[in-house]
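Structure first, commentary second.
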Amino acid sequence: MNDDKLMEIALQARENAWCPYSRFAVGAALLTADGTVFTGCNVENAAYPLGNCAERTAFFKAVSEGHRQFRAIAICGAPEGETPVKSCPPCGACRQVLAELCDDDFRIILADGVHTLGELLPLAFRLKDAHRA
Ligand code: THU
């Protein structure tokens, strides 16, 4: 699975975004260690804080299906009805969720290129690191 293909899948997943409040549609495609791809889109709610980002949708789908090892995620976002051109970096909450089960070398594929989780969330809080020896 190359980066361009993963981004293509994210673009497709974005078509399912439920975003009647922000009108900003986001898609994600998460690649697991065994090559399975889980997609996600943002799913908003009339009670605004209940909305879920595309990245977390993909991640929770994968974990709930028994996956524990991840290689990369492609993310795309733009106002509904427009083709994504600009980079759509993951929000802080999603970065922390990724840090729960991904190492710092986990790859985050955006419109502007490839980043790592360590780059986007340096010094991440992980309980396994925070515990006393
Ligand atoms: N959103 C995502 O799904 N992922 C991101 O990385 C940034 C923001 C969603 C949340 C909300 O539904 C909409 O985009 C506007 O913030």
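Residues in the structure tokens are numbered from 1 in each chain, the chains being A, B, ... in the order shown, and ligands are numbered from 1 in the order shown.
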Point to revise | All residues 9 Å or closer to A:Phe59, only C-alpha atoms, same chain fewer than 4 positions away omitted, as a list in words | key: Leu30, Phe38, Thr39, Gly40, Ala54, Glu55, Val63, Ser64, Val97 and Leu98 of chain A
Atoms kept (N, CA, C and O atoms) for selection, written as an mmCIF file, in the first residue's frame:
data_model
loop_
_atom_site.group_PDB
_atom_site.id
_atom_site.type_symbol
_atom_site.label_atom_id
_atom_site.label_comp_id
_atom_site.auth_asym_id
_atom_site.auth_seq_id
_atom_site.Cartn_x
_atom_site.Cartn_y
_atom_site.Cartn_z
ATOM 1 N N LEU A 30 -6.416 4.459 7.612
ATOM 2 C CA LEU A 30 -5.417 3.971 8.574
ATOM 3 C C LEU A 30 -4.906 2.602 8.127
ATOM 4 O O LEU A 30 -5.689 1.672 7.929
ATOM 5 N N PHE A 38 -8.359 0.699 7.461
ATOM 6 C CA PHE A 38 -9.620 1.134 8.072
ATOM 7 C C PHE A 38 -9.842 2.601 7.713
ATOM 8 O O PHE A 38 -8.932 3.415 7.852
ATOM 9 N N THR A 39 -11.046 2.894 7.254
ATOM 10 C CA THR A 39 -11.346 4.267 6.871
ATOM 11 C C THR A 39 -12.124 4.962 7.986
ATOM 12 O O THR A 39 -12.711 4.314 8.864
ATOM 13 N N GLY A 40 -12.147 6.283 7.913
ATOM 14 C CA GLY A 40 -12.946 7.063 8.860
ATOM 15 C C GLY A 40 -13.327 8.393 8.247
ATOM 16 O O GLY A 40 -12.689 8.870 7.304
ATOM 17 N N ALA A 54 -12.387 12.307 11.918
ATOM 18 C CA ALA A 54 -12.170 11.212 10.976
ATOM 19 C C ALA A 54 -11.081 10.244 11.450
ATOM 20 O O ALA A 54 -11.232 9.019 11.350
ATOM 21 N N GLU A 55 -10.002 10.792 11.992
ATOM 22 C CA GLU A 55 -8.878 9.957 12.424
ATOM 23 C C GLU A 55 -9.301 9.020 13.547
ATOM 24 O O GLU A 55 -8.949 7.841 13.566
ATOM 25 N N VAL A 63 -9.181 -0.659 16.241
ATOM 26 C CA VAL A 63 -8.936 -1.261 17.556
ATOM 27 C C VAL A 63 -10.090 -2.181 17.938
ATOM 28 O O VAL A 63 -9.888 -3.285 18.451
ATOM 29 N N SER A 64 -11.296 -1.759 17.619
ATOM 30 C CA SER A 64 -12.461 -2.580 17.988
ATOM 31 C C SER A 64 -12.543 -3.858 17.164
ATOM 32 O O SER A 64 -13.276 -4.790 17.524
ATOM 33 N N VAL A 97 -4.692 10.416 20.850
ATOM 34 C CA VAL A 97 -5.283 9.086 20.630
ATOM 35 C C VAL A 97 -4.317 8.216 19.813
ATOM 36 O O VAL A 97 -4.115 7.041 20.123
ATOM 37 N N LEU A 98 -3.697 8.796 18.798
ATOM 38 C CA LEU A 98 -2.717 8.037 18.008
ATOM 39 C C LEU A 98 -1.549 7.591 18.885
ATOM 40 O O LEU A 98 -1.045 6.477 18.749
#
Name the residues of chain A that fall into helix (DSSP H, G or I) according to DSSP on the backbone, using the chain letters and numbers of this document, as a PDB file with C-alpha atoms, in the first residue's frame.
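The resulting selection_7.pdb:
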ATOM      1  CA  ASP A   3       1.052   6.674   0.299  1.00  0.00           C
ATOM      2  CA  ASP A   4      -0.824   7.901  -2.771  1.00  0.00           C
ATOM      3  CA  LYS A   5      -3.194   4.927  -2.691  1.00  0.00           C
ATOM      4  CA  LEU A   6      -3.828   5.432   1.044  1.00  0.00           C
ATOM      5  CA  MET A   7      -4.640   9.100   0.385  1.00  0.00           C
ATOM      6  CA  GLU A   8      -6.987   8.057  -2.429  1.00  0.00           C
ATOM      7  CA  ILE A   9      -8.856   5.822   0.042  1.00  0.00           C
ATOM      8  CA  ALA A  10      -9.010   8.702   2.548  1.00  0.00           C
ATOM      9  CA  LEU A  11     -10.521  10.927  -0.157  1.00  0.00           C
ATOM     10  CA  GLN A  12     -13.162   8.292  -0.812  1.00  0.00           C
ATOM     11  CA  ALA A  13     -13.924   7.941   2.904  1.00  0.00           C
ATOM     12  CA  ARG A  14     -14.352  11.715   3.104  1.00  0.00           C
ATOM     13  CA  TYR A  48     -21.553  19.666  19.194  1.00  0.00           C
ATOM     14  CA  PRO A  49     -18.979  18.123  21.581  1.00  0.00           C
ATOM     15  CA  LEU A  50     -20.206  14.631  20.684  1.00  0.00           C
ATOM     16  CA  ALA A  54     -12.170  11.212  10.976  1.00  0.00           C
ATOM     17  CA  GLU A  55      -8.878   9.957  12.424  1.00  0.00           C
ATOM     18  CA  ARG A  56     -10.467   8.745  15.639  1.00  0.00           C
ATOM     19  CA  THR A  57     -13.290   7.083  13.732  1.00  0.00           C
ATOM     20  CA  ALA A  58     -10.714   5.076  11.739  1.00  0.00           C
ATOM     21  CA  PHE A  59      -8.627   4.296  14.793  1.00  0.00           C
ATOM     22  CA  PHE A  60     -11.544   3.143  16.948  1.00  0.00           C
ATOM     23  CA  LYS A  61     -12.851   0.978  14.122  1.00  0.00           C
ATOM     24  CA  ALA A  62      -9.451  -0.729  13.827  1.00  0.00           C
ATOM     25  CA  VAL A  63      -8.936  -1.261  17.556  1.00  0.00           C
ATOM     26  CA  SER A  64     -12.461  -2.580  17.988  1.00  0.00           C
ATOM     27  CA  GLY A  92      -4.475  17.707  19.322  1.00  0.00           C
ATOM     28  CA  ALA A  93      -7.016  15.226  20.668  1.00  0.00           C
ATOM     29  CA  CYS A  94      -6.438  12.900  17.713  1.00  0.00           C
ATOM     30  CA  ARG A  95      -2.659  13.157  18.118  1.00  0.00           C
ATOM     31  CA  GLN A  96      -3.010  11.962  21.705  1.00  0.00           C
ATOM     32  CA  VAL A  97      -5.283   9.086  20.630  1.00  0.00           C
ATOM     33  CA  LEU A  98      -2.717   8.037  18.008  1.00  0.00           C
ATOM     34  CA  ALA A  99       0.026   8.162  20.645  1.00  0.00           C
ATOM     35  CA  GLU A 100      -1.866   5.591  22.701  1.00  0.00           C
ATOM     36  CA  LEU A 101      -1.088   2.740  20.293  1.00  0.00           C
ATOM     37  CA  LEU A 117       3.790  11.273  15.119  1.00  0.00           C
ATOM     38  CA  GLY A 118       6.943  12.207  17.040  1.00  0.00           C
ATOM     39  CA  GLU A 119       7.213  15.351  14.956  1.00  0.00           C
ATOM     40  CA  LEU A 120       3.542  16.337  15.392  1.00  0.00           C
ATOM     41  CA  LEU A 127       1.386   5.893  30.670  1.00  0.00           C
ATOM     42  CA  LYS A 128       3.948   3.179  29.965  1.00  0.00           C
ATOM     43  CA  ASP A 129       6.649   5.894  29.912  1.00  0.00           C
ATOM     44  CA  ALA A 130       5.210   7.855  32.815  1.00  0.00           C
TER      45      ALA A 130
END
Using only C-alpha atoms and all ligand atoms, I'd like a table of the residues in chain A that come within 6 Å of ligand 1; for each, show the closest atom pair and its distance in Å rounded to one decimal, ordered by chain and ascending number, as a tab-separated table.
residue	atom	partner	partner_atom_place_in_ligand_line	distance
A:Cys19	CA	ligand 1	12 (O)	5.7
A:Ser22	CA	ligand 1	15 (C)	5.2
A:Phe24	CA	ligand 1	13 (C)	5.1
A:Val26	CA	ligand 1	3 (O)	4.9
A:Asn42	CA	ligand 1	3 (O)	4.3
A:Glu44	CA	ligand 1	12 (O)	5.3
A:Cys53	CA	ligand 1	3 (O)	3.2
A:Ala54	CA	ligand 1	3 (O)	4.0
A:Pro89	CA	ligand 1	6 (O)	5.4
A:Pro90	CA	ligand 1	6 (O)	3.4
A:Cys91	CA	ligand 1	6 (O)	4.6
Review point. Which parts of chain A does DSSP call strand (DSSP E or B) when run on the backbone here, written out as JSON, numbers by chain?
Key: {"A": [18, 24, 25, 26, 27, 28, 29, 30, 31, 32, 37, 38, 39, 40, 41, 43, 52, 70, 71, 72, 73, 74, 75, 76, 77, 78, 79, 107, 108, 109, 110, 113, 114, 115, 116]}
Would you output that residue set with N, CA, C and O atoms, as a compact mmCIF listing (two decimals), in the first residue's frame?
# COMPACT_ATOMS: atom_id res chain seq x y z
N TRP A 18 -20.19 13.25 7.86
CA TRP A 18 -21.45 13.84 8.33
C TRP A 18 -21.08 15.14 9.06
O TRP A 18 -20.61 15.10 10.20
N PHE A 24 -17.26 21.13 7.10
CA PHE A 24 -15.87 20.81 6.79
C PHE A 24 -15.74 19.29 6.81
O PHE A 24 -15.93 18.65 7.85
N ALA A 25 -15.49 18.70 5.66
CA ALA A 25 -15.49 17.23 5.53
C ALA A 25 -14.07 16.69 5.58
O ALA A 25 -13.17 17.18 4.88
N VAL A 26 -13.89 15.67 6.43
CA VAL A 26 -12.56 15.08 6.62
C VAL A 26 -12.64 13.57 6.38
O VAL A 26 -13.63 12.92 6.74
N GLY A 27 -11.59 13.04 5.76
CA GLY A 27 -11.50 11.59 5.55
C GLY A 27 -10.16 11.09 6.03
O GLY A 27 -9.16 11.84 6.05
N ALA A 28 -10.12 9.83 6.46
CA ALA A 28 -8.86 9.23 6.92
C ALA A 28 -8.80 7.78 6.47
O ALA A 28 -9.84 7.12 6.32
N ALA A 29 -7.59 7.31 6.25
CA ALA A 29 -7.37 5.89 5.94
C ALA A 29 -6.17 5.43 6.76
O ALA A 29 -5.07 5.98 6.63
N LEU A 30 -6.42 4.46 7.61
CA LEU A 30 -5.42 3.97 8.57
C LEU A 30 -4.91 2.60 8.13
O LEU A 30 -5.69 1.67 7.93
N LEU A 31 -3.59 2.52 7.97
CA LEU A 31 -2.96 1.26 7.52
C LEU A 31 -2.41 0.49 8.72
O LEU A 31 -1.60 1.03 9.49
N THR A 32 -2.85 -0.76 8.88
CA THR A 32 -2.37 -1.58 9.99
C THR A 32 -1.12 -2.36 9.55
O THR A 32 -0.79 -2.42 8.36
N VAL A 37 -6.69 -1.86 5.79
CA VAL A 37 -6.95 -0.42 5.84
C VAL A 37 -8.32 -0.17 6.47
O VAL A 37 -9.32 -0.79 6.06
N PHE A 38 -8.36 0.70 7.46
CA PHE A 38 -9.62 1.13 8.07
C PHE A 38 -9.84 2.60 7.71
O PHE A 38 -8.93 3.42 7.85
N THR A 39 -11.05 2.89 7.25
CA THR A 39 -11.35 4.27 6.87
C THR A 39 -12.12 4.96 7.99
O THR A 39 -12.71 4.31 8.86
N GLY A 40 -12.15 6.28 7.91
CA GLY A 40 -12.95 7.06 8.86
C GLY A 40 -13.33 8.39 8.25
O GLY A 40 -12.69 8.87 7.30
N CYS A 41 -14.39 8.96 8.78
CA CYS A 41 -14.79 10.32 8.38
C CYS A 41 -15.24 11.02 9.66
O CYS A 41 -15.46 10.36 10.68
N VAL A 43 -17.88 12.66 12.06
CA VAL A 43 -19.31 12.42 12.30
C VAL A 43 -19.75 13.42 13.36
O VAL A 43 -19.41 13.26 14.54
N ASN A 52 -17.19 13.36 16.26
CA ASN A 52 -15.94 12.60 16.25
C ASN A 52 -15.14 12.92 14.99
O ASN A 52 -15.70 13.01 13.90
N PHE A 70 0.08 -0.36 13.98
CA PHE A 70 -0.28 0.57 12.91
C PHE A 70 0.96 1.15 12.25
O PHE A 70 1.98 1.37 12.90
N ARG A 71 0.82 1.38 10.95
CA ARG A 71 1.96 1.89 10.18
C ARG A 71 1.80 3.36 9.78
O ARG A 71 2.75 4.13 9.87
N ALA A 72 0.60 3.71 9.30
CA ALA A 72 0.44 5.05 8.71
C ALA A 72 -1.03 5.43 8.66
O ALA A 72 -1.92 4.56 8.67
N ILE A 73 -1.26 6.74 8.58
CA ILE A 73 -2.62 7.24 8.34
C ILE A 73 -2.54 8.35 7.30
O ILE A 73 -1.61 9.17 7.34
N ALA A 74 -3.47 8.35 6.37
CA ALA A 74 -3.60 9.45 5.41
C ALA A 74 -4.84 10.25 5.82
O ALA A 74 -5.87 9.66 6.17
N ILE A 75 -4.72 11.56 5.78
CA ILE A 75 -5.82 12.44 6.21
C ILE A 75 -6.03 13.54 5.16
O ILE A 75 -5.05 14.13 4.67
N CYS A 76 -7.29 13.79 4.85
CA CYS A 76 -7.58 14.90 3.93
C CYS A 76 -8.82 15.63 4.43
O CYS A 76 -9.74 15.01 4.99
N GLY A 77 -8.84 16.92 4.25
CA GLY A 77 -9.99 17.69 4.70
C GLY A 77 -10.11 18.98 3.91
O GLY A 77 -9.11 19.54 3.44
N ALA A 78 -11.35 19.43 3.76
CA ALA A 78 -11.63 20.69 3.06
C ALA A 78 -13.11 21.00 3.28
O ALA A 78 -13.89 20.11 3.66
N PRO A 79 -13.49 22.23 3.03
CA PRO A 79 -14.93 22.54 3.09
C PRO A 79 -15.71 21.59 2.19
O PRO A 79 -15.23 21.24 1.09
N ARG A 107 3.64 7.04 10.67
CA ARG A 107 3.66 8.02 9.57
C ARG A 107 2.29 8.67 9.36
O ARG A 107 1.28 7.96 9.32
N ILE A 108 2.29 9.96 9.23
CA ILE A 108 1.05 10.74 9.03
C ILE A 108 1.16 11.43 7.67
O ILE A 108 1.98 12.34 7.48
N ILE A 109 0.34 10.94 6.73
CA ILE A 109 0.42 11.41 5.35
C ILE A 109 -0.61 12.53 5.14
O ILE A 109 -1.82 12.32 5.30
N LEU A 110 -0.10 13.71 4.83
CA LEU A 110 -0.96 14.88 4.61
C LEU A 110 -0.72 15.40 3.20
O LEU A 110 0.19 14.95 2.51
N GLY A 113 2.82 16.47 2.52
CA GLY A 113 3.90 15.50 2.63
C GLY A 113 3.72 14.58 3.83
O GLY A 113 2.64 14.53 4.43
N VAL A 114 4.78 13.86 4.16
CA VAL A 114 4.71 12.86 5.23
C VAL A 114 5.37 13.40 6.50
O VAL A 114 6.46 13.97 6.45
N HIS A 115 4.65 13.22 7.61
CA HIS A 115 5.16 13.62 8.91
C HIS A 115 5.22 12.38 9.80
O HIS A 115 4.68 11.34 9.45
N THR A 116 5.85 12.51 10.95
CA THR A 116 5.79 11.41 11.92
C THR A 116 5.02 11.90 13.14
O THR A 116 4.93 13.12 13.40
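Our summary of the geometry notes that atom CA of A:Ala111 is positioned 6.1 Å from atom CA of A:Lys86.
The interatomic distance for the pair atom CA of A:Arg126 and atom CA of A:His67 works out to 18.8 Å.
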**Study point:** Residue nearest A:Asn2 among A:Cys102, A:Gly35, A:Pro20, A:His131 (counting only C-alpha atoms)
**Key:** A:Gly35
